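Student: There's a structure below that I have some questions on.
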Amino acid sequence: MEDTPAELTIVILTGLSGSGKSTALRVFEDLGFFCVDGLPVSLVPKLIGLFEVKGGQRYKGLALGMDVRQADMDTDWGATLAQVKGAAAALQIIFLEADTQEIIRRYATTRRPHPLESESRGLEQAVLEERTRMTPLRDSADMVLDTTDFSIHDLRRKLQEKWASIRVSTGMLKVHVMSFGFKYGPPSEADMVFDLRFLPNPYFDKALREKTGKDAPVRDYVLAEDPGREFLARLTAFLLYLLPLYAREGRYRLTIAFGCTGGRHRSVAVAESVFDTLSKAGYNLSLEHRHIERG
């Protein structure tokens, strides 16, 4: 009996110019994907068909870099996305973005022109115009990654971590669970933000300070007793009630962020617990601890 061929994994890397797409594409190349950058949108289905025949056995998947430089991005994206999703392929769209001032700083450092910059449009106006034009892609993304505070090495590590935790599947609400520290700023991509600074803080226990919310002693300190225990029970019941309602209304992606002061202890413990609960419930998930190393 012949083995059934594995479902082809397709990753579309897109986002704002200067947010790290080229670096992200190299990450997937290192992960064993066949990578193509700058492909016209209308040619994506043809390349996928060719790859399934010629390259599907040699590579872990196909990663495509797409941005505003493709002339047919505005006109052909919707139809192409529908066509690709209708094929027998596992598709993940990763959208990279950064704060406008950070993108301007990066362009000033590299001294390269923005693709939408012209004699009548300065750099800041070009960035804002691109942000507007790329909104449909951001809205259809499975993963939105804000690289404002990332170095190249941070981006590589975070993308590898996210890809390792994401489950490639179709037809389900995709939930991204995130922890963060309020002193570094809440994540712009979050749909729901929970402030956990009312929970007991392990930072003030010298034996726990250097640990993280991934460690059992910290998790027990935060969640084993009330108010953490009662809060977690009510929170998970609320999310298990709420998420099917979002899915029923056709919501495609939802980001739930949990914040504490530094993003190292309380937020991590709660995010890990919620991720575990939703995983057992069968949701399509990814997990990120944005500030765990800075907290």
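Letters A, B, ... mark the chains of the structure tokens in the order given; residue numbers begin at 1 per chain; ligand numbers begin at 1, in order shown.
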Going by DSSP on the backbone, which bits of region 24-212 of chain A are strand (DSSP E or B)? Write them as a PyMOL selection string, please.

Tutor: chain A and resi 33-37+61-65+89-97+118+121+143-146+174-181+192-195

Student: Show me a table, sorted first by chain and then by increasing residue number, of the residues of region 91-209 of chain A having an atom at most 12 Å from region 231-245 of chain A, each with its shortest atom pair and the distance in Å to one decimal, counting only C-alpha atoms and written as a tab-separated table.

Tutor:
residue	atom	partner	partner_atom	distance
A:Met172	CA	A:Pro244	CA	9.9
A:Leu173	CA	A:Leu243	CA	8.0
A:Lys174	CA	A:Leu243	CA	9.9
A:Val175	CA	A:Leu243	CA	8.9
A:Val177	CA	A:Leu239	CA	11.7
A:Met192	CA	A:Leu239	CA	10.9
A:Phe194	CA	A:Leu235	CA	9.9
A:Asp195	CA	A:Phe231	CA	11.9
A:Leu196	CA	A:Phe231	CA	9.8
A:Phe198	CA	A:Phe231	CA	10.3
A:Leu199	CA	A:Phe231	CA	9.1

Student: So what do you get for CA of Ala79 (chain A) versus CA of Ile48 (chain A), distance-wise?

Tutor: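 Straight-line distance from CA of Ala79 (chain A) to CA of Ile48 (chain A) works out to 15.1 Å.
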
Student: Please, which residues in region 97-208 of chain A fall within 9 Å of region 251-274 of chain A when counting only C-alpha atoms, and what is the closest atom pair and distance in Å to one decimal for each, ordered by chain then residue number, as CSV?

Tutor:
residue,atom,partner,partner_atom,distance
A:Asp139,CA,A:Arg253,CA,8.3
A:Ser140,CA,A:Tyr252,CA,7.3
A:Ala141,CA,A:Arg253,CA,7.5
A:Asp142,CA,A:Arg253,CA,6.1
A:Met143,CA,A:Arg253,CA,8.0
A:Val144,CA,A:Thr255,CA,8.9
A:Gly171,CA,A:Tyr252,CA,8.8
A:Met172,CA,A:Tyr252,CA,7.4
A:Leu173,CA,A:Tyr252,CA,5.1
A:Lys174,CA,A:Arg253,CA,4.7
A:Val175,CA,A:Leu254,CA,4.9
A:His176,CA,A:Thr255,CA,4.6
A:Val177,CA,A:Ile256,CA,5.1
A:Met178,CA,A:Ala257,CA,4.6
A:Ser179,CA,A:Phe258,CA,4.8
A:Phe180,CA,A:Gly263,CA,4.3
A:Gly181,CA,A:Gly263,CA,3.6
A:Phe182,CA,A:Thr261,CA,5.1
A:Lys183,CA,A:Thr261,CA,5.9
A:Tyr184,CA,A:Gly262,CA,7.5
A:Pro186,CA,A:Gly259,CA,7.5
A:Pro187,CA,A:Ala257,CA,7.6
A:Glu189,CA,A:Thr255,CA,7.0
A:Ala190,CA,A:Thr255,CA,5.0
A:Asp191,CA,A:Thr255,CA,5.2
A:Met192,CA,A:Ile256,CA,4.9
A:Val193,CA,A:Ala257,CA,4.8
A:Phe194,CA,A:Phe258,CA,4.9
A:Asp195,CA,A:Gly259,CA,5.1
A:Leu196,CA,A:Cys260,CA,5.2
A:Arg197,CA,A:Cys260,CA,5.1
A:Phe198,CA,A:Cys260,CA,8.7
A:Leu199,CA,A:Arg266,CA,7.2
A:Pro200,CA,A:Arg266,CA,7.9
A:Asn201,CA,A:Arg266,CA,6.8
A:Pro202,CA,A:His265,CA,6.6
A:Tyr203,CA,A:His265,CA,7.5
A:Leu208,CA,A:His265,CA,8.9

Student: So, with only C-alpha atoms as the atoms that count, which of A:Ala63, A:Asp205, A:Thr80, A:Thr9 lies closest to Val222 (chain A)?

Tutor: A:Asp205

Student: DSSP says helix (DSSP H, G or I) for which residues of region 46-219 of chain A? Put them as an MDAnalysis selection string?

Tutor: chainID A and resid 46:54 73:86 100:110 123:133 135:139 152:165 182:184 202:204 216:219

Student: Extract, using only C-alpha atoms, all DNA, RNA and protein residues at most 6 Å from region 11-26 of chain A, discarding same-chain residues fewer than 5 positions from it, and format them as a list in words.

Tutor: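 After dropping sequence-adjacent residues, the list is Ala63, Leu64, Gly65, Met66, Asp67, Leu91, Gln92, Ile93, Ile94, Phe95, Leu96, Glu97, Ala98 and Ile103 of chain A.
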
Student: Output all heavy atoms for every residue in that selection, as a short mmCIF file (atom, residue, chain, number, x, y, z; two decimals), in the first residue's frame.

Tutor:
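Done, and the output landed in result.cif:
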data_model
loop_
_atom_site.label_atom_id
_atom_site.label_comp_id
_atom_site.auth_asym_id
_atom_site.auth_seq_id
_atom_site.Cartn_x
_atom_site.Cartn_y
_atom_site.Cartn_z
N ALA A 63 7.17 28.59 1.23
CA ALA A 63 7.04 29.89 1.89
C ALA A 63 7.15 30.99 0.84
O ALA A 63 8.12 31.04 0.07
CB ALA A 63 8.11 30.08 2.96
N LEU A 64 6.14 31.87 0.79
CA LEU A 64 6.07 32.91 -0.24
C LEU A 64 6.13 34.28 0.42
O LEU A 64 5.35 34.58 1.32
CB LEU A 64 4.78 32.79 -1.04
CG LEU A 64 4.51 31.42 -1.68
CD1 LEU A 64 3.14 31.42 -2.34
CD2 LEU A 64 5.59 31.09 -2.70
N GLY A 65 7.06 35.12 -0.03
CA GLY A 65 7.14 36.49 0.45
C GLY A 65 6.36 37.41 -0.48
O GLY A 65 6.61 37.45 -1.69
N MET A 66 5.38 38.14 0.07
CA MET A 66 4.52 38.99 -0.74
C MET A 66 4.35 40.33 -0.05
O MET A 66 4.15 40.39 1.16
CB MET A 66 3.16 38.33 -0.97
CG MET A 66 3.26 36.98 -1.66
SD MET A 66 1.68 36.09 -1.73
CE MET A 66 0.73 37.24 -2.70
N ASP A 67 4.42 41.40 -0.83
CA ASP A 67 4.25 42.73 -0.24
C ASP A 67 3.69 43.70 -1.26
O ASP A 67 3.29 43.31 -2.35
CB ASP A 67 5.57 43.24 0.36
CG ASP A 67 6.70 43.28 -0.66
OD1 ASP A 67 6.45 43.65 -1.83
OD2 ASP A 67 7.84 42.95 -0.29
N LEU A 91 -2.74 26.26 4.71
CA LEU A 91 -2.24 27.61 4.46
C LEU A 91 -2.14 28.39 5.75
O LEU A 91 -3.07 28.39 6.57
CB LEU A 91 -3.18 28.33 3.49
CG LEU A 91 -2.89 29.81 3.24
CD1 LEU A 91 -1.59 29.98 2.47
CD2 LEU A 91 -4.04 30.47 2.49
N GLN A 92 -1.00 29.07 5.95
CA GLN A 92 -0.82 29.97 7.08
C GLN A 92 -0.31 31.30 6.55
O GLN A 92 0.64 31.34 5.77
CB GLN A 92 0.19 29.40 8.08
CG GLN A 92 -0.29 28.13 8.78
CD GLN A 92 -1.39 28.41 9.76
OE1 GLN A 92 -1.31 29.33 10.57
NE2 GLN A 92 -2.44 27.60 9.73
N ILE A 93 -0.96 32.39 6.96
CA ILE A 93 -0.55 33.73 6.56
C ILE A 93 0.04 34.44 7.77
O ILE A 93 -0.62 34.56 8.80
CB ILE A 93 -1.73 34.54 6.00
CG1 ILE A 93 -2.37 33.80 4.82
CG2 ILE A 93 -1.28 35.93 5.58
CD1 ILE A 93 -3.65 34.45 4.34
N ILE A 94 1.28 34.87 7.65
CA ILE A 94 1.97 35.56 8.74
C ILE A 94 2.20 37.01 8.31
O ILE A 94 2.84 37.27 7.29
CB ILE A 94 3.30 34.88 9.08
CG1 ILE A 94 3.06 33.43 9.48
CG2 ILE A 94 4.03 35.64 10.19
CD1 ILE A 94 4.33 32.65 9.75
N PHE A 95 1.68 37.93 9.09
CA PHE A 95 1.76 39.35 8.77
C PHE A 95 2.70 40.03 9.76
O PHE A 95 2.48 39.97 10.97
CB PHE A 95 0.38 40.01 8.83
CG PHE A 95 0.33 41.42 8.32
CD1 PHE A 95 -0.03 41.67 7.00
CD2 PHE A 95 0.66 42.49 9.13
CE1 PHE A 95 -0.07 42.97 6.51
CE2 PHE A 95 0.62 43.80 8.66
CZ PHE A 95 0.25 44.03 7.34
N LEU A 96 3.75 40.68 9.25
CA LEU A 96 4.70 41.39 10.09
C LEU A 96 4.45 42.88 10.01
O LEU A 96 4.20 43.42 8.92
CB LEU A 96 6.14 41.08 9.66
CG LEU A 96 6.68 39.70 10.04
CD1 LEU A 96 6.19 38.64 9.05
CD2 LEU A 96 8.20 39.69 10.06
N GLU A 97 4.52 43.54 11.16
CA GLU A 97 4.34 44.98 11.20
C GLU A 97 5.24 45.57 12.28
O GLU A 97 5.85 44.86 13.06
CB GLU A 97 2.87 45.33 11.49
CG GLU A 97 2.38 44.84 12.85
CD GLU A 97 0.90 45.13 13.06
OE1 GLU A 97 0.23 45.58 12.12
OE2 GLU A 97 0.41 44.90 14.20
N ALA A 98 5.32 46.89 12.29
CA ALA A 98 6.08 47.60 13.31
C ALA A 98 5.53 49.00 13.43
O ALA A 98 4.81 49.48 12.54
CB ALA A 98 7.58 47.62 12.97
N ILE A 103 9.76 51.95 11.76
CA ILE A 103 10.01 51.67 10.34
C ILE A 103 10.79 52.83 9.71
O ILE A 103 11.73 52.62 8.93
CB ILE A 103 8.68 51.43 9.60
CG1 ILE A 103 8.05 50.12 10.08
CG2 ILE A 103 8.90 51.40 8.08
CD1 ILE A 103 6.71 49.81 9.45
#

Student: Counting only C-alpha atoms, which residue out of A:Glu288, A:Gly32, A:Ala281, A:Asp215 sits closest to Asp146 (chain A)?

Tutor: A:Glu288

Student: Set the distance at 12 Å and use only C-alpha atoms: which residues neighbour Leu47 (chain A) once local chain neighbours fewer than 6 positions away are removed? I'd like the list as number ranges by chain.

Tutor: A: 10, 34-36, 39-41, 53-56, 62-64, 84

Student: What would the file look like if the residues just selected were written as a compact mmCIF listing (two decimals), in the first residue's frame with C-alpha atoms?

Tutor:
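Output contents, as saved in result23.txt:
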# COMPACT_ATOMS: atom_id res chain seq x y z
CA ILE A 10 2.07 26.85 2.50
CA PHE A 34 11.25 26.25 -0.44
CA CYS A 35 11.11 30.06 -0.45
CA VAL A 36 10.12 32.54 -3.16
CA LEU A 39 6.00 36.52 -6.74
CA PRO A 40 3.03 38.23 -8.46
CA VAL A 41 -0.18 37.35 -6.66
CA VAL A 53 4.21 17.93 -8.38
CA LYS A 54 7.91 18.78 -8.37
CA GLY A 55 8.99 19.79 -4.88
CA GLY A 56 6.56 18.45 -2.34
CA LEU A 62 6.43 26.39 0.49
CA ALA A 63 7.04 29.89 1.89
CA LEU A 64 6.07 32.91 -0.24
CA VAL A 84 -5.66 28.78 -2.52

Student: If we count only C-alpha atoms and set the cut-off at 8 Å, which residues sit around His114 (chain A), ignoring sequence neighbours fewer than 4 positions away in its own chain? Please answer as a list in words.

Tutor: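 So, after excluding close chain neighbours, the residues are Ser17, Tyr107, Leu123, Ala126 and Val127 of chain A.
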
Student: Would you put the residues from that selection into a file with all heavy atoms, as a PDB file, in the first residue's frame?

Tutor:
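The resulting file, again_7.pdb, is shown below:
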ATOM      1  N   SER A  17       6.648  47.013   4.709  1.00  0.00           N
ATOM      2  CA  SER A  17       8.042  47.115   4.309  1.00  0.00           C
ATOM      3  C   SER A  17       8.861  47.624   5.489  1.00  0.00           C
ATOM      4  O   SER A  17       8.472  48.586   6.158  1.00  0.00           O
ATOM      5  CB  SER A  17       8.187  48.073   3.126  1.00  0.00           C
ATOM      6  OG  SER A  17       7.392  47.658   2.038  1.00  0.00           O
ATOM      7  N   TYR A 107      14.523  52.592   7.910  1.00  0.00           N
ATOM      8  CA  TYR A 107      14.833  53.069   6.555  1.00  0.00           C
ATOM      9  C   TYR A 107      15.921  54.120   6.573  1.00  0.00           C
ATOM     10  O   TYR A 107      16.774  54.180   5.675  1.00  0.00           O
ATOM     11  CB  TYR A 107      13.563  53.597   5.876  1.00  0.00           C
ATOM     12  CG  TYR A 107      12.837  52.520   5.091  1.00  0.00           C
ATOM     13  CD1 TYR A 107      11.722  51.879   5.631  1.00  0.00           C
ATOM     14  CD2 TYR A 107      13.267  52.135   3.831  1.00  0.00           C
ATOM     15  CE1 TYR A 107      11.070  50.885   4.932  1.00  0.00           C
ATOM     16  CE2 TYR A 107      12.613  51.141   3.131  1.00  0.00           C
ATOM     17  CZ  TYR A 107      11.516  50.519   3.681  1.00  0.00           C
ATOM     18  OH  TYR A 107      10.881  49.522   2.974  1.00  0.00           O
ATOM     19  N   LEU A 123       8.614  59.725   3.232  1.00  0.00           N
ATOM     20  CA  LEU A 123       8.721  58.399   3.843  1.00  0.00           C
ATOM     21  C   LEU A 123       7.567  58.114   4.806  1.00  0.00           C
ATOM     22  O   LEU A 123       6.966  57.043   4.752  1.00  0.00           O
ATOM     23  CB  LEU A 123      10.066  58.286   4.578  1.00  0.00           C
ATOM     24  CG  LEU A 123      10.314  56.973   5.339  1.00  0.00           C
ATOM     25  CD1 LEU A 123      10.172  55.778   4.429  1.00  0.00           C
ATOM     26  CD2 LEU A 123      11.697  57.005   5.984  1.00  0.00           C
ATOM     27  N   ALA A 126       4.456  57.457   2.953  1.00  0.00           N
ATOM     28  CA  ALA A 126       4.538  56.171   2.269  1.00  0.00           C
ATOM     29  C   ALA A 126       4.221  55.021   3.227  1.00  0.00           C
ATOM     30  O   ALA A 126       3.504  54.074   2.872  1.00  0.00           O
ATOM     31  CB  ALA A 126       5.931  55.987   1.669  1.00  0.00           C
ATOM     32  N   VAL A 127       4.749  55.105   4.449  1.00  0.00           N
ATOM     33  CA  VAL A 127       4.493  54.062   5.436  1.00  0.00           C
ATOM     34  C   VAL A 127       3.006  54.010   5.790  1.00  0.00           C
ATOM     35  O   VAL A 127       2.405  52.933   5.872  1.00  0.00           O
ATOM     36  CB  VAL A 127       5.335  54.293   6.702  1.00  0.00           C
ATOM     37  CG1 VAL A 127       4.961  53.283   7.793  1.00  0.00           C
ATOM     38  CG2 VAL A 127       6.820  54.194   6.382  1.00  0.00           C
TER      39      VAL A 127
END

Student: Under the rule that only C-alpha atoms are counted, which of A:Asp154, A:Asn284, A:Glu230, A:Glu293 is the nearest residue to Thr212 (chain A)?

Tutor: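 The closest residue to Thr212 (chain A) is A:Glu293.
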